[in-house]
>>> print(open('entry-v5.cif').read())   # mmCIF, C-alpha atoms
data_target
loop_
_atom_site.group_PDB
_atom_site.id
_atom_site.type_symbol
_atom_site.label_atom_id
_atom_site.label_comp_id
_atom_site.auth_asym_id
_atom_site.auth_seq_id
_atom_site.Cartn_x
_atom_site.Cartn_y
_atom_site.Cartn_z
ATOM 1 C CA MET A 1 100.771 -25.242 84.309
ATOM 2 C CA LYS A 2 100.499 -21.439 84.242
ATOM 3 C CA THR A 3 100.554 -21.483 80.437
ATOM 4 C CA ILE A 4 97.652 -23.932 80.307
ATOM 5 C CA THR A 5 95.649 -21.824 82.803
ATOM 6 C CA LYS A 6 96.290 -18.658 80.782
ATOM 7 C CA LYS A 7 95.257 -20.377 77.542
ATOM 8 C CA LEU A 8 92.103 -21.791 79.117
ATOM 9 C CA SER A 9 91.256 -18.361 80.556
ATOM 10 C CA LEU A 10 91.787 -16.768 77.147
ATOM 11 C CA VAL A 11 89.610 -19.388 75.420
ATOM 12 C CA LEU A 12 86.910 -19.002 78.088
ATOM 13 C CA MET A 13 86.881 -15.206 77.690
ATOM 14 C CA LEU A 14 86.703 -15.598 73.915
ATOM 15 C CA VAL A 15 83.748 -18.009 74.181
ATOM 16 C CA ILE A 16 81.932 -15.683 76.591
ATOM 17 C CA GLY A 17 82.555 -12.757 74.220
ATOM 18 C CA ILE A 18 81.195 -14.707 71.241
ATOM 19 C CA ILE A 19 78.100 -15.752 73.207
ATOM 20 C CA GLY A 20 77.556 -12.121 74.217
ATOM 21 C CA CYS A 21 77.790 -10.973 70.585
ATOM 22 C CA PHE A 22 75.290 -13.602 69.437
ATOM 23 C CA THR A 23 72.949 -12.682 72.287
ATOM 24 C CA LEU A 24 72.957 -9.017 71.267
ATOM 25 C CA PHE A 25 72.455 -9.948 67.609
ATOM 26 C CA ALA A 26 69.552 -12.289 68.445
ATOM 27 C CA CYS A 27 67.747 -9.586 70.403
ATOM 28 C CA GLY A 28 67.278 -7.534 67.247
ATOM 29 C CA GLU A 29 66.900 -3.788 67.125
ATOM 30 C CA ASP A 30 67.164 -1.421 70.023
ATOM 31 C CA PRO A 31 63.680 -1.307 71.642
ATOM 32 C CA ASP A 32 63.801 2.509 71.667
ATOM 33 C CA THR A 33 63.758 2.498 67.847
ATOM 34 C CA LEU A 34 60.885 0.035 67.446
ATOM 35 C CA PRO A 35 57.469 1.408 66.493
ATOM 36 C CA GLU A 36 55.020 2.025 69.320
ATOM 37 C CA ASP A 37 52.530 -0.763 70.024
ATOM 38 C CA THR A 38 49.373 0.395 68.299
ATOM 39 C CA GLY A 39 47.076 -2.509 69.020
ATOM 40 C CA TYR A 40 43.427 -1.464 69.264
ATOM 41 C CA ALA A 41 40.465 -3.832 69.463
ATOM 42 C CA VAL A 42 36.700 -3.736 69.006
ATOM 43 C CA TYR A 43 34.481 -6.457 70.476
ATOM 44 C CA VAL A 44 30.904 -6.845 69.284
ATOM 45 C CA LYS A 45 28.554 -8.751 71.597
ATOM 46 C CA LEU A 46 24.913 -9.777 71.621
ATOM 47 C CA PRO A 47 22.746 -8.672 74.575
ATOM 48 C CA ASP A 48 23.379 -12.035 76.301
ATOM 49 C CA GLY A 49 27.155 -11.393 76.213
ATOM 50 C CA THR A 50 28.032 -13.895 73.494
ATOM 51 C CA ALA A 51 30.070 -12.885 70.458
ATOM 52 C CA ALA A 52 28.105 -11.424 67.568
ATOM 53 C CA ALA A 53 28.715 -13.210 64.268
ATOM 54 C CA ASN A 54 28.822 -11.864 60.719
ATOM 55 C CA VAL A 55 29.371 -8.251 61.787
ATOM 56 C CA GLN A 56 31.778 -5.961 60.008
ATOM 57 C CA VAL A 57 33.607 -3.165 61.797
ATOM 58 C CA GLN A 58 34.916 -0.060 60.081
ATOM 59 C CA VAL A 59 36.872 2.799 61.618
ATOM 60 C CA CYS A 60 37.127 6.334 60.251
ATOM 61 C CA LYS A 61 39.602 8.937 61.406
ATOM 62 C CA GLU A 62 38.009 12.014 62.971
ATOM 63 C CA VAL A 63 39.701 15.364 62.499
ATOM 64 C CA ASN A 64 38.063 18.498 63.959
ATOM 65 C CA GLY A 65 34.682 16.752 64.168
ATOM 66 C CA ALA A 66 34.718 15.526 60.550
ATOM 67 C CA GLU A 67 35.379 11.958 59.428
ATOM 68 C CA THR A 68 38.190 11.284 56.989
ATOM 69 C CA GLU A 69 40.175 8.260 55.875
ATOM 70 C CA CYS A 70 37.794 5.364 56.486
ATOM 71 C CA LYS A 71 39.578 2.025 56.586
ATOM 72 C CA SER A 72 38.226 -1.045 54.828
ATOM 73 C CA PRO A 73 35.701 -2.930 56.964
ATOM 74 C CA PHE A 74 36.842 -6.094 58.720
ATOM 75 C CA ASP A 75 34.772 -9.112 59.768
ATOM 76 C CA VAL A 76 34.727 -9.973 63.466
ATOM 77 C CA ASN A 77 36.366 -13.269 64.407
ATOM 78 C CA ALA A 78 34.761 -16.104 66.407
ATOM 79 C CA GLU A 79 35.203 -14.037 69.596
ATOM 80 C CA GLY A 80 33.374 -11.089 68.031
ATOM 81 C CA LYS A 81 36.698 -9.231 67.883
ATOM 82 C CA VAL A 82 38.461 -7.082 65.287
ATOM 83 C CA GLU A 83 41.995 -5.796 65.827
ATOM 84 C CA PHE A 84 43.433 -2.652 64.286
ATOM 85 C CA ASN A 85 47.212 -2.399 64.369
ATOM 86 C CA ASP A 86 47.668 0.601 62.101
ATOM 87 C CA ILE A 87 45.997 3.288 64.192
ATOM 88 C CA VAL A 88 48.346 6.143 64.929
ATOM 89 C CA ALA A 89 48.749 7.227 68.544
ATOM 90 C CA GLY A 90 47.189 10.614 69.192
ATOM 91 C CA GLU A 91 44.534 10.236 66.493
ATOM 92 C CA VAL A 92 40.835 9.508 67.044
ATOM 93 C CA TYR A 93 38.859 6.899 65.073
ATOM 94 C CA ASN A 94 35.086 6.545 65.089
ATOM 95 C CA VAL A 95 33.819 2.954 65.109
ATOM 96 C CA HIS A 96 30.985 1.913 62.772
ATOM 97 C CA LEU A 97 29.212 -1.441 62.626
ATOM 98 C CA LEU A 98 28.193 -2.822 59.258
ATOM 99 C CA LYS A 99 26.132 -5.941 58.495
ATOM 100 C CA VAL A 100 24.561 -6.233 61.939
ATOM 101 C CA PRO A 101 22.585 -9.502 62.374
ATOM 102 C CA ALA A 102 18.828 -9.384 61.716
ATOM 103 C CA GLY A 103 16.843 -8.418 64.782
ATOM 104 C CA TYR A 104 19.638 -6.268 66.234
ATOM 105 C CA LYS A 105 20.997 -2.771 65.775
ATOM 106 C CA ALA A 106 24.012 -0.837 66.968
ATOM 107 C CA PRO A 107 23.446 1.311 70.039
ATOM 108 C CA GLU A 108 23.195 5.045 69.413
ATOM 109 C CA THR A 109 26.317 5.730 71.461
ATOM 110 C CA LYS A 110 29.358 7.111 69.627
ATOM 111 C CA PHE A 111 32.284 4.706 70.004
ATOM 112 C CA GLN A 112 35.860 5.836 69.478
ATOM 113 C CA LEU A 113 39.303 4.278 69.479
ATOM 114 C CA LYS A 114 41.913 6.677 70.802
ATOM 115 C CA ASP A 115 44.700 6.980 73.337
ATOM 116 C CA GLY A 116 43.389 5.831 76.684
ATOM 117 C CA ASN A 117 40.573 3.906 74.975
ATOM 118 C CA LYS A 118 42.254 1.121 73.024
ATOM 119 C CA VAL A 119 39.545 -1.498 73.575
ATOM 120 C CA VAL A 120 35.878 -0.871 72.807
ATOM 121 C CA THR A 121 33.101 -3.357 73.524
ATOM 122 C CA ILE A 122 29.839 -2.740 71.705
ATOM 123 C CA THR A 123 26.745 -4.633 72.807
ATOM 124 C CA LEU A 124 24.076 -4.796 70.124
ATOM 125 C CA VAL A 125 20.509 -3.809 70.973
ATOM 126 C CA ALA A 126 17.456 -5.896 70.047
ATOM 127 C CA GLU A 127 15.152 -4.142 67.584
#
>>> encode(input="entry-v5.cif", output="structure tokens")
Amino acid sequence: MKTITKKLSLVLMLVIGIIGCFTLFACGEDPDTLPEDTGYAVYVKLPDGTAAANVQVQVCKEVNGAETECKSPFDVNAEGKVEFNDIVAGEVYNVHLLKVPAGYKAPETKFQLKDGNKVVTITLVAE
């Protein structure tokens, strides 16, 4: 009986060890080595709060007050949202609206994506 108990204990420990190895493998890389979450978003709204359609958003990196490295413009989605996942933490990007719907214009405020300001909502102004 002792031999059977020892064998069952050994098999149980082996199964638990294998499950532990697969669990670690399934979790992927160490979270400390993964890139930082760089999700930034711009929402474009009409004065009534609904999503603005057919607007393009472009961001340009600002260095010492001058704009450099403008990214290709992106169309807003059905929610009036554009996401930027390639903005580097610690850098500042100015937000520009292109192709604003007829009868509206962008407000004169300067909008920026940066640390501490990862979501910008821009409400268009009637002309």
>>> atom_distance(input="entry-v5.cif", atom1="atom CA of Cys60 of chain A", atom2="atom CA of Ala102 of chain A")
24.2 Å
>>> residues_around(input="entry-v5.cif", residues="segment 74-90 of chain A", least_positions_apart="3", cutoff="9 Å", atoms="all atoms listed in the file", output="PyMOL selection string")
chain A and resi 36-45+50-59+61+71+93+113-115+121
>>> atom_distance(input="entry-v5.cif", atom1="atom CA of Glu62 of chain A", atom2="atom CA of Asn94 of chain A")
6.6 Å
>>> atom_distance(input="entry-v5.cif", atom1="atom CA of Phe111 of chain A", atom2="atom CA of Leu97 of chain A")
10.1 Å
>>> residues_near_point(input="entry-v5.cif", point="(22.1, -3.3, 75.8)", cutoff="7 Å", atoms="all atoms listed in the file", output="list in words")
Pro47, Thr123, Leu124 and Val125 of chain A
>>> closest_residue(input="entry-v5.cif", among="A:Thr68, A:Asp48, A:Asn117, A:Glu127", to="Val100 of chain A", atoms="only C-alpha atoms")
A:Glu127
